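Engineer: Here you go, this is upload_24.csv (CSV, C-alpha atoms).
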```csv
chain,number,residue,atom,x,y,z
P,1061,MET,CA,-44.0,-24.1,37.5
P,1062,PRO,CA,-43.6,-25.8,34.1
P,1063,ILE,CA,-43.4,-23.7,31.0
P,1064,ILE,CA,-45.6,-26.1,29.0
P,1065,THR,CA,-48.4,-27.4,31.1
P,1066,LYS,CA,-50.9,-30.1,30.1
P,1067,GLU,CA,-53.4,-27.4,29.3
P,1068,LEU,CA,-51.0,-25.7,26.9
P,1069,ALA,CA,-49.9,-29.1,25.4
P,1070,LEU,CA,-53.6,-29.8,24.6
P,1071,SER,CA,-53.9,-26.3,23.0
P,1072,ILE,CA,-50.8,-27.0,20.9
P,1073,ALA,CA,-52.2,-30.4,19.8
P,1074,LYS,CA,-55.4,-28.6,18.8
P,1075,LYS,CA,-53.6,-25.8,17.0
P,1076,LEU,CA,-51.5,-28.3,15.0
P,1077,GLU,CA,-54.6,-30.4,14.3
P,1078,ALA,CA,-53.0,-33.4,15.9
P,1079,GLU,CA,-54.6,-36.7,16.0
P,1080,ILE,CA,-54.8,-38.0,19.6
P,1081,GLN,CA,-54.2,-41.6,20.2
P,1082,LYS,CA,-55.6,-42.7,23.6
P,1083,ARG,CA,-53.6,-45.3,25.5
P,1084,SER,CA,-55.5,-46.7,28.4
P,1085,LYS,CA,-53.6,-47.6,31.6
P,1086,LYS,CA,-50.5,-46.0,30.2
P,1087,ALA,CA,-48.6,-42.8,31.3
P,1088,HIS,CA,-49.2,-40.9,28.1
P,1089,ASP,CA,-51.6,-40.4,25.2
P,1090,LEU,CA,-49.9,-39.7,21.9
P,1091,ALA,CA,-50.5,-36.6,19.8
P,1092,LYS,CA,-49.6,-37.2,16.1
P,1093,VAL,CA,-49.2,-34.4,13.7
P,1094,TYR,CA,-49.6,-35.1,10.0
P,1095,HIS,CA,-48.8,-32.9,7.0
P,1096,ASP,CA,-49.6,-34.0,3.4
P,1097,GLY,CA,-50.5,-37.5,4.7
P,1098,LYS,CA,-47.2,-38.0,6.4
P,1099,LEU,CA,-46.4,-38.1,10.1
P,1100,ILE,CA,-44.1,-35.2,10.8
P,1101,ALA,CA,-44.1,-35.0,14.6
P,1102,SER,CA,-45.5,-36.6,17.7
P,1103,PHE,CA,-45.5,-35.9,21.4
P,1104,GLY,CA,-46.9,-37.4,24.5
P,1105,ILE,CA,-49.7,-36.0,26.7
P,1106,ARG,CA,-49.5,-37.1,30.3
P,1107,ARG,CA,-52.5,-38.8,31.6
P,1108,GLY,CA,-53.7,-37.1,34.8
P,1109,SER,CA,-56.3,-34.7,35.9
P,1110,LYS,CA,-54.0,-31.9,36.8
P,1111,LYS,CA,-54.0,-29.1,34.3
P,1112,ASN,CA,-50.5,-27.9,35.3
P,1113,LEU,CA,-48.7,-31.2,34.7
P,1114,GLY,CA,-45.3,-30.5,33.2
P,1115,HIS,CA,-45.0,-31.0,29.4
P,1116,ASP,CA,-41.6,-29.3,28.9
P,1117,PHE,CA,-40.6,-32.2,26.6
P,1118,VAL,CA,-43.1,-31.0,23.9
P,1119,PRO,CA,-40.9,-28.2,22.4
P,1120,ALA,CA,-38.1,-30.7,21.4
P,1121,ALA,CA,-40.6,-33.1,20.0
P,1122,LEU,CA,-41.9,-30.2,17.7
P,1123,TYR,CA,-38.3,-29.1,16.9
P,1124,VAL,CA,-38.9,-25.7,18.4
P,1125,GLY,CA,-37.8,-23.9,21.5
P,1126,PRO,CA,-39.9,-23.5,24.7
P,1127,ASN,CA,-40.9,-20.0,23.8
P,1128,GLN,CA,-42.1,-20.9,20.3
P,1129,ALA,CA,-44.0,-23.9,21.7
P,1130,ARG,CA,-45.7,-21.6,24.2
P,1131,LEU,CA,-46.7,-19.2,21.4
P,1132,LEU,CA,-48.1,-22.1,19.5
P,1133,GLY,CA,-50.4,-22.9,22.5
P,1134,GLN,CA,-51.3,-19.3,23.1
P,1135,CYS,CA,-52.3,-18.5,19.6
P,1136,PRO,CA,-49.7,-15.9,18.2
P,1137,LEU,CA,-47.8,-18.7,16.2
P,1138,LYS,CA,-49.9,-20.4,13.6
P,1139,ARG,CA,-49.7,-23.9,12.3
P,1140,GLU,CA,-48.4,-22.7,8.9
P,1141,GLU,CA,-45.7,-20.7,10.6
P,1142,TRP,CA,-44.6,-23.7,12.6
P,1143,LEU,CA,-44.6,-25.7,9.3
P,1144,GLU,CA,-42.3,-23.1,7.9
P,1145,ILE,CA,-39.9,-23.5,10.8
P,1146,LEU,CA,-39.9,-27.2,10.2
P,1147,ARG,CA,-39.3,-26.7,6.5
P,1148,GLU,CA,-36.3,-24.5,7.3
P,1149,LYS,CA,-34.9,-27.2,9.6
P,1150,GLY,CA,-35.4,-29.9,7.0
P,1151,LYS,CA,-38.0,-31.7,9.1
P,1152,LEU,CA,-40.7,-31.7,6.4
P,1153,PRO,CA,-40.8,-34.2,3.6
P,1154,ALA,CA,-39.5,-32.9,0.3
A,179,MET,CA,-24.1,9.7,128.3
A,180,GLU,CA,-24.1,12.5,125.9
A,181,ARG,CA,-26.1,11.8,122.7
A,182,ARG,CA,-24.7,12.9,119.4
A,183,SER,CA,-26.3,12.9,115.9
A,184,GLY,CA,-24.4,11.9,112.8
A,185,SER,CA,-23.8,8.9,110.4
A,186,VAL,CA,-21.8,5.7,110.9
A,187,GLY,CA,-19.7,4.4,108.1
A,188,ILE,CA,-16.5,2.4,107.4
A,189,CYS,CA,-13.4,4.2,106.4
A,190,GLU,CA,-10.3,2.2,105.7
A,191,ASP,CA,-11.6,-0.8,107.6
A,192,VAL,CA,-12.4,1.4,110.6
A,193,LEU,CA,-15.8,2.0,111.7
A,194,VAL,CA,-16.2,5.8,112.0
A,195,PHE,CA,-18.8,8.1,113.2
A,196,GLN,CA,-19.4,11.2,111.1
A,197,PRO,CA,-21.2,13.8,113.1
A,198,THR,CA,-23.6,16.1,111.4
A,199,ALA,CA,-22.7,19.7,110.8
A,200,GLY,CA,-22.1,21.7,113.9
A,201,TRP,CA,-19.6,19.3,115.4
A,202,GLU,CA,-16.1,20.4,115.2
A,203,SER,CA,-14.3,17.2,114.4
A,204,PRO,CA,-15.2,13.6,113.7
A,205,GLU,CA,-14.5,11.2,116.4
A,206,CYS,CA,-13.9,7.5,116.5
A,207,LEU,CA,-16.3,5.7,118.7
A,208,PHE,CA,-14.4,2.5,118.8
A,209,GLU,CA,-10.8,1.5,118.8
A,210,PRO,CA,-9.9,-0.1,115.5
A,211,GLU,CA,-8.9,-3.3,117.3
A,212,THR,CA,-12.4,-3.7,118.7
A,213,VAL,CA,-14.2,-3.8,115.3
A,214,PRO,CA,-14.2,-7.1,113.4
A,215,ARG,CA,-12.7,-6.3,110.0
A,216,ARG,CA,-14.5,-8.9,107.9
A,217,SER,CA,-16.8,-11.8,108.5
A,218,LYS,CA,-15.4,-15.3,107.9
A,219,ILE,CA,-17.7,-15.8,104.9
A,220,ALA,CA,-16.6,-12.5,103.4
A,221,SER,CA,-13.0,-13.4,103.9
A,222,GLN,CA,-13.5,-16.8,102.2
A,223,TRP,CA,-15.4,-15.2,99.4
A,224,GLU,CA,-12.6,-12.8,98.8
A,225,ASP,CA,-10.0,-15.6,98.6
A,226,LEU,CA,-12.2,-17.7,96.2
A,227,ALA,CA,-13.5,-15.0,94.0
A,228,PRO,CA,-10.5,-14.7,91.7
A,229,THR,CA,-10.5,-18.5,91.1
A,230,ILE,CA,-14.2,-18.6,90.5
A,231,PHE,CA,-13.9,-15.6,88.2
A,232,ASP,CA,-11.0,-17.3,86.3
A,233,ASN,CA,-13.0,-20.5,85.9
A,234,LEU,CA,-16.1,-18.7,84.8
A,235,THR,CA,-14.1,-16.7,82.2
A,236,LYS,CA,-12.6,-20.0,80.9
A,237,VAL,CA,-16.0,-21.6,80.6
A,238,LEU,CA,-17.5,-18.6,78.9
A,239,LEU,CA,-14.5,-18.3,76.5
A,240,THR,CA,-14.8,-22.0,75.6
A,241,ARG,CA,-18.5,-21.7,75.1
A,242,TRP,CA,-18.0,-18.6,73.0
A,243,HIS,CA,-15.4,-20.4,70.8
A,244,ASP,CA,-17.9,-23.3,70.4
A,245,VAL,CA,-20.7,-21.0,69.4
A,246,ALA,CA,-18.4,-19.2,66.9
A,247,ARG,CA,-17.3,-22.5,65.5
A,248,ILE,CA,-20.8,-23.8,65.1
A,249,GLN,CA,-21.9,-20.6,63.4
A,250,SER,CA,-19.0,-20.8,61.0
A,251,LEU,CA,-19.8,-24.5,60.2
A,252,GLU,CA,-23.5,-23.6,59.7
A,253,LYS,CA,-22.4,-20.9,57.2
A,254,GLU,CA,-20.2,-23.4,55.4
A,255,ILE,CA,-23.0,-26.1,55.3
A,256,LEU,CA,-25.4,-23.5,53.8
A,257,LEU,CA,-22.8,-22.5,51.2
A,258,LEU,CA,-22.1,-26.2,50.3
A,259,ARG,CA,-25.9,-26.9,50.0
A,260,ASP,CA,-26.3,-24.0,47.6
A,261,ARG,CA,-23.3,-25.2,45.6
A,262,LEU,CA,-24.7,-28.7,45.5
A,263,THR,CA,-28.1,-27.5,44.3
A,264,MET,CA,-26.4,-25.5,41.6
A,265,MET,CA,-24.3,-28.5,40.6
A,266,GLU,CA,-27.4,-30.7,40.4
A,267,GLU,CA,-29.1,-28.2,38.2
A,268,ILE,CA,-26.1,-27.8,35.9
A,269,PHE,CA,-24.9,-31.4,35.8
A,270,PRO,CA,-27.5,-33.9,34.7
A,271,VAL,CA,-27.8,-37.5,35.9
A,272,GLU,CA,-27.2,-40.4,33.4
A,273,VAL,CA,-29.5,-43.4,33.9
A,274,PRO,CA,-28.8,-46.6,32.1
A,275,ILE,CA,-31.8,-48.3,30.5
A,276,GLU,CA,-31.5,-52.1,30.3
A,277,THR,CA,-35.1,-53.2,30.4
A,278,LEU,CA,-38.5,-52.0,29.2
A,279,ALA,CA,-40.4,-54.5,31.3
A,280,PRO,CA,-43.3,-54.9,31.8
A,281,ASP,CA,-43.8,-53.9,28.2
A,282,PRO,CA,-43.2,-56.8,25.8
A,283,TYR,CA,-40.0,-55.3,24.4
A,284,GLU,CA,-36.4,-56.1,25.0
A,285,VAL,CA,-33.4,-53.8,24.9
A,286,ILE,CA,-31.0,-55.0,22.3
A,287,ARG,CA,-28.2,-52.9,23.7
A,288,SER,CA,-28.4,-50.7,26.8
A,289,PHE,CA,-28.5,-47.0,26.4
A,290,HIS,CA,-28.4,-44.0,28.7
A,291,VAL,CA,-31.0,-41.3,29.2
A,292,VAL,CA,-30.2,-38.0,30.7
A,293,VAL,CA,-32.3,-36.7,33.6
A,294,GLN,CA,-32.2,-33.0,34.6
A,295,PRO,CA,-34.2,-30.9,37.0
A,296,PHE,CA,-36.3,-28.5,35.0
A,297,ALA,CA,-39.1,-26.1,36.1
A,298,GLU,CA,-39.7,-27.8,39.5
A,299,GLU,CA,-39.8,-31.2,37.8
A,300,TYR,CA,-37.4,-33.7,36.2
A,301,LEU,CA,-37.0,-34.0,32.5
A,302,ALA,CA,-35.6,-37.4,31.1
A,303,ARG,CA,-34.3,-37.3,27.6
A,304,PHE,CA,-33.2,-39.9,25.1
A,305,PHE,CA,-31.4,-37.5,22.8
A,306,ASP,CA,-30.6,-39.9,19.9
A,307,ALA,CA,-34.3,-40.6,19.4
A,308,ASN,CA,-35.4,-37.1,20.3
A,309,LEU,CA,-37.7,-38.4,23.0
A,310,ALA,CA,-38.3,-36.9,26.4
A,311,ALA,CA,-40.7,-37.1,29.3
A,312,SER,CA,-41.3,-35.3,32.6
A,313,GLY,CA,-41.9,-36.5,36.1
A,314,ALA,CA,-42.1,-35.3,39.7
A,315,THR,CA,-39.1,-37.4,40.6
A,316,VAL,CA,-36.1,-38.9,38.7
A,317,GLU,CA,-37.8,-42.3,38.8
A,318,GLU,CA,-41.1,-41.0,37.5
A,319,ALA,CA,-39.4,-39.1,34.7
A,320,VAL,CA,-37.5,-42.3,33.6
A,321,PHE,CA,-40.6,-44.4,33.9
A,322,ASN,CA,-42.5,-41.9,31.8
A,323,LEU,CA,-39.7,-41.8,29.2
A,324,LYS,CA,-39.8,-45.6,29.0
A,325,ASP,CA,-43.5,-45.4,28.3
A,326,MET,CA,-42.9,-42.8,25.6
A,327,ILE,CA,-40.2,-44.9,24.0
A,328,VAL,CA,-42.5,-47.9,23.8
A,329,ALA,CA,-45.5,-45.8,22.7
A,330,THR,CA,-43.5,-44.0,20.0
A,331,TYR,CA,-41.9,-47.3,18.7
A,332,GLU,CA,-45.3,-49.0,18.5
A,333,MET,CA,-46.9,-46.0,16.8
A,334,LEU,CA,-44.0,-45.6,14.3
A,335,CYS,CA,-44.1,-49.3,13.5
A,336,ASP,CA,-47.8,-49.0,12.6
A,337,HIS,CA,-46.9,-46.6,9.8
A,338,GLU,CA,-45.4,-47.5,6.4
A,339,GLU,CA,-42.0,-46.0,5.9
A,340,SER,CA,-43.4,-43.8,3.1
A,341,GLU,CA,-45.8,-42.3,5.7
A,342,LEU,CA,-43.1,-41.0,7.9
A,343,GLY,CA,-41.5,-37.5,7.7
A,344,PRO,CA,-37.8,-37.0,8.3
A,345,GLY,CA,-38.0,-36.7,12.0
A,346,PRO,CA,-40.2,-39.7,12.8
A,347,ALA,CA,-38.2,-41.8,10.2
A,348,LYS,CA,-35.0,-41.1,12.0
A,349,GLN,CA,-36.7,-41.8,15.4
A,350,LEU,CA,-37.7,-45.3,14.1
A,351,GLN,CA,-34.3,-46.0,12.8
A,352,VAL,CA,-32.7,-45.1,16.1
A,353,LEU,CA,-35.3,-47.1,18.2
A,354,LYS,CA,-34.8,-50.2,16.0
A,355,ALA,CA,-31.2,-50.1,16.9
A,356,PHE,CA,-31.9,-50.3,20.6
A,357,LEU,CA,-35.1,-52.3,21.1
A,358,ARG,CA,-37.2,-55.0,19.6
A,359,GLU,CA,-40.4,-56.9,20.3
A,360,SER,CA,-39.9,-59.8,22.7
A,361,SER,CA,-40.2,-63.2,21.0
```
Please lay out the structure from this file as structure tokens.
Structural biologist:
Amino acid sequence: MPIITKELALSIAKKLEAEIQKRSKKAHDLAKVYHDGKLIASFGIRRGSKKNLGHDFVPAALYVGPNQARLLGQCPLKREEWLEILREKGKLPA
Amino acid sequence: MERRSGSVGICEDVLVFQPTAGWESPECLFEPETVPRRSKIASQWEDLAPTIFDNLTKVLLTRWHDVARIQSLEKEILLLRDRLTMMEEIFPVEVPIETLAPDPYEVIRSFHVVVQPFAEEYLARFFDANLAASGATVEEAVFNLKDMIVATYEMLCDHEESELGPGPAKQLQVLKAFLRESS
């Protein structure tokens, strides 16, 4: 069972207020996360009807571990807290 | 003729009559010479029995050795299978990427992606560009990663450089070193 399922990946995208770019006839849609008008992260969302499709590549795309990514999708970790993690890692524009 | 009660049996190859209580002493009814000691079949059986027993023992011993050997090999195979599974989980597979066809992009210089079993699926990663994708098989994971590489490249190229944060800016820089739009 994947740690990050499609359902959770969609929850993460919603939590991070990501912009979803649909890509017809392709394997993934793209979730783009902006902060202060700049693109700071992006990740793919697999196209397919199964809710439990594996999305274990999402944590690396968000510069966090699987557990933090899971918390993002399940609510305890807020967008601002994630931005703080990115700031600490130098992944946010100065 | 006087009738007596008792039981008949064989004692040391001699047919004897054992009278019931009340008789003073047992008495042989026949002379030993007059009683056939063994039938012909019994005699042959007695001669052959040791050889048959020897052969049977040899066959059983051989079979037992074979069974023990097969069981030992089965154990060894199971052990090797477990070790192989463990090795597959520990050691990832490197897959060279030389084309992005059918997408209209060409690979300037080939690169390797790393594919690893992860949570009942396969995870393909292109570490330099911080891109990854999952799939039910190694092939699907690599196919999905190629799609992500193209999708990310196109999406990043649609942005001005000033619109990219540090992560995406680095991704674009790396991707530009490996691929370009086909002319």
Engineer: Mind dumping a table of every chain A residue within 7 Å of chain P, with the nearest atom pair and its distance in Å to one decimal, using only C-alpha atoms, sorted by chain and rising number, as a Markdown table?
Structural biologist:
```
| residue | atom | partner | partner_atom | distance |
| --- | --- | --- | --- | --- |
| A:Ala297 | CA | P:Pro1062 | CA | 4.9 |
| A:Glu298 | CA | P:Met1061 | CA | 6.0 |
| A:Asn308 | CA | P:Ala1121 | CA | 6.6 |
| A:Leu309 | CA | P:Ala1121 | CA | 6.7 |
| A:Ala310 | CA | P:Phe1117 | CA | 5.2 |
| A:Ala311 | CA | P:Phe1117 | CA | 5.6 |
| A:Ser312 | CA | P:Gly1114 | CA | 6.3 |
| A:Asn322 | CA | P:Ala1087 | CA | 6.2 |
| A:Asp325 | CA | P:Ala1087 | CA | 6.5 |
| A:Met326 | CA | P:Gly1104 | CA | 6.8 |
| A:Glu341 | CA | P:Lys1098 | CA | 4.6 |
| A:Leu342 | CA | P:Leu1099 | CA | 4.9 |
| A:Gly343 | CA | P:Ile1100 | CA | 4.7 |
| A:Pro344 | CA | P:Lys1151 | CA | 5.4 |
| A:Gly345 | CA | P:Lys1151 | CA | 5.8 |
| A:Pro346 | CA | P:Ile1100 | CA | 6.3 |
```
Engineer: Kindly save the residues from that selection, with C-alpha atoms included, as a PDB file, in the coordinates of the input.
Structural biologist:
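Final output, saved to selection14.pdb:
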```
ATOM      1  CA  ALA A 297     -39.100 -26.100  36.100  1.00  0.00           C
ATOM      2  CA  GLU A 298     -39.700 -27.800  39.500  1.00  0.00           C
ATOM      3  CA  ASN A 308     -35.400 -37.100  20.300  1.00  0.00           C
ATOM      4  CA  LEU A 309     -37.700 -38.400  23.000  1.00  0.00           C
ATOM      5  CA  ALA A 310     -38.300 -36.900  26.400  1.00  0.00           C
ATOM      6  CA  ALA A 311     -40.700 -37.100  29.300  1.00  0.00           C
ATOM      7  CA  SER A 312     -41.300 -35.300  32.600  1.00  0.00           C
ATOM      8  CA  ASN A 322     -42.500 -41.900  31.800  1.00  0.00           C
ATOM      9  CA  ASP A 325     -43.500 -45.400  28.300  1.00  0.00           C
ATOM     10  CA  MET A 326     -42.900 -42.800  25.600  1.00  0.00           C
ATOM     11  CA  GLU A 341     -45.800 -42.300   5.700  1.00  0.00           C
ATOM     12  CA  LEU A 342     -43.100 -41.000   7.900  1.00  0.00           C
ATOM     13  CA  GLY A 343     -41.500 -37.500   7.700  1.00  0.00           C
ATOM     14  CA  PRO A 344     -37.800 -37.000   8.300  1.00  0.00           C
ATOM     15  CA  GLY A 345     -38.000 -36.700  12.000  1.00  0.00           C
ATOM     16  CA  PRO A 346     -40.200 -39.700  12.800  1.00  0.00           C
TER      17      PRO A 346
END
```
Engineer: What's the separation between CA of Glu266 (chain A) and CA of Ala307 (chain A), in Å to one decimal place?
Structural biologist: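 Going from CA of Glu266 (chain A) over to CA of Ala307 (chain A) covers 24.2 Å.
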Engineer: Between CA of Asn1112 (chain P) and CA of Val328 (chain A), what is the distance, to one decimal in Å?
Structural biologist: 24.4 Å
Engineer: Between CA of Glu1079 (chain P) and CA of Val1093 (chain P), what is the distance, to one decimal in Å?
Structural biologist: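 Computed distance, CA of Glu1079 (chain P) to CA of Val1093 (chain P), equals 6.3 Å.
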Engineer: Could you tell me which of A:Phe231, A:Lys324, A:Val293, A:Glu284 comes closest to Pro270 (chain A) if we count all atoms listed in the file?
Structural biologist: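 When distances to Pro270 (chain A) are compared using all atoms listed in the file, the smallest one comes from A:Val293.
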Engineer: Find the residues with any atom within 7 Å of (-39.8, -37.8, 34.1); use all atoms listed in the file and the coordinates as given in the file, and write the answer as a ChimeraX atom specification.
Structural biologist: /A:300-302,311-323
Engineer: Need to verify the contact set: Ile275 (chain A), 7 Å, all atoms listed in the file, exclusion of same-chain residues closer than 4 positions in sequence. Can you return it as a VMD selection string?
Structural biologist: chain A and resid 288 to 290
Engineer: If we count only C-alpha atoms and set the cut-off at 8 Å, which residues sit around Leu357 (chain A), ignoring sequence neighbours fewer than 5 positions away in its own chain? Please answer as an MDAnalysis selection string.
Structural biologist: chainID A and resid 283:287
Engineer: Can you write just those residues out, C-alpha atoms, as a PDB file, keeping the file's coordinate frame?
Structural biologist:
```pdb
ATOM      1  CA  TYR A 283     -40.000 -55.300  24.400  1.00  0.00           C
ATOM      2  CA  GLU A 284     -36.400 -56.100  25.000  1.00  0.00           C
ATOM      3  CA  VAL A 285     -33.400 -53.800  24.900  1.00  0.00           C
ATOM      4  CA  ILE A 286     -31.000 -55.000  22.300  1.00  0.00           C
ATOM      5  CA  ARG A 287     -28.200 -52.900  23.700  1.00  0.00           C
TER       6      ARG A 287
END
```
Engineer: Which is closer to Glu1140 (chain P) than all the others in P:Lys1110, P:Lys1082, P:Lys1075, P:Lys1066, using only C-alpha atoms?
Structural biologist: P:Lys1075
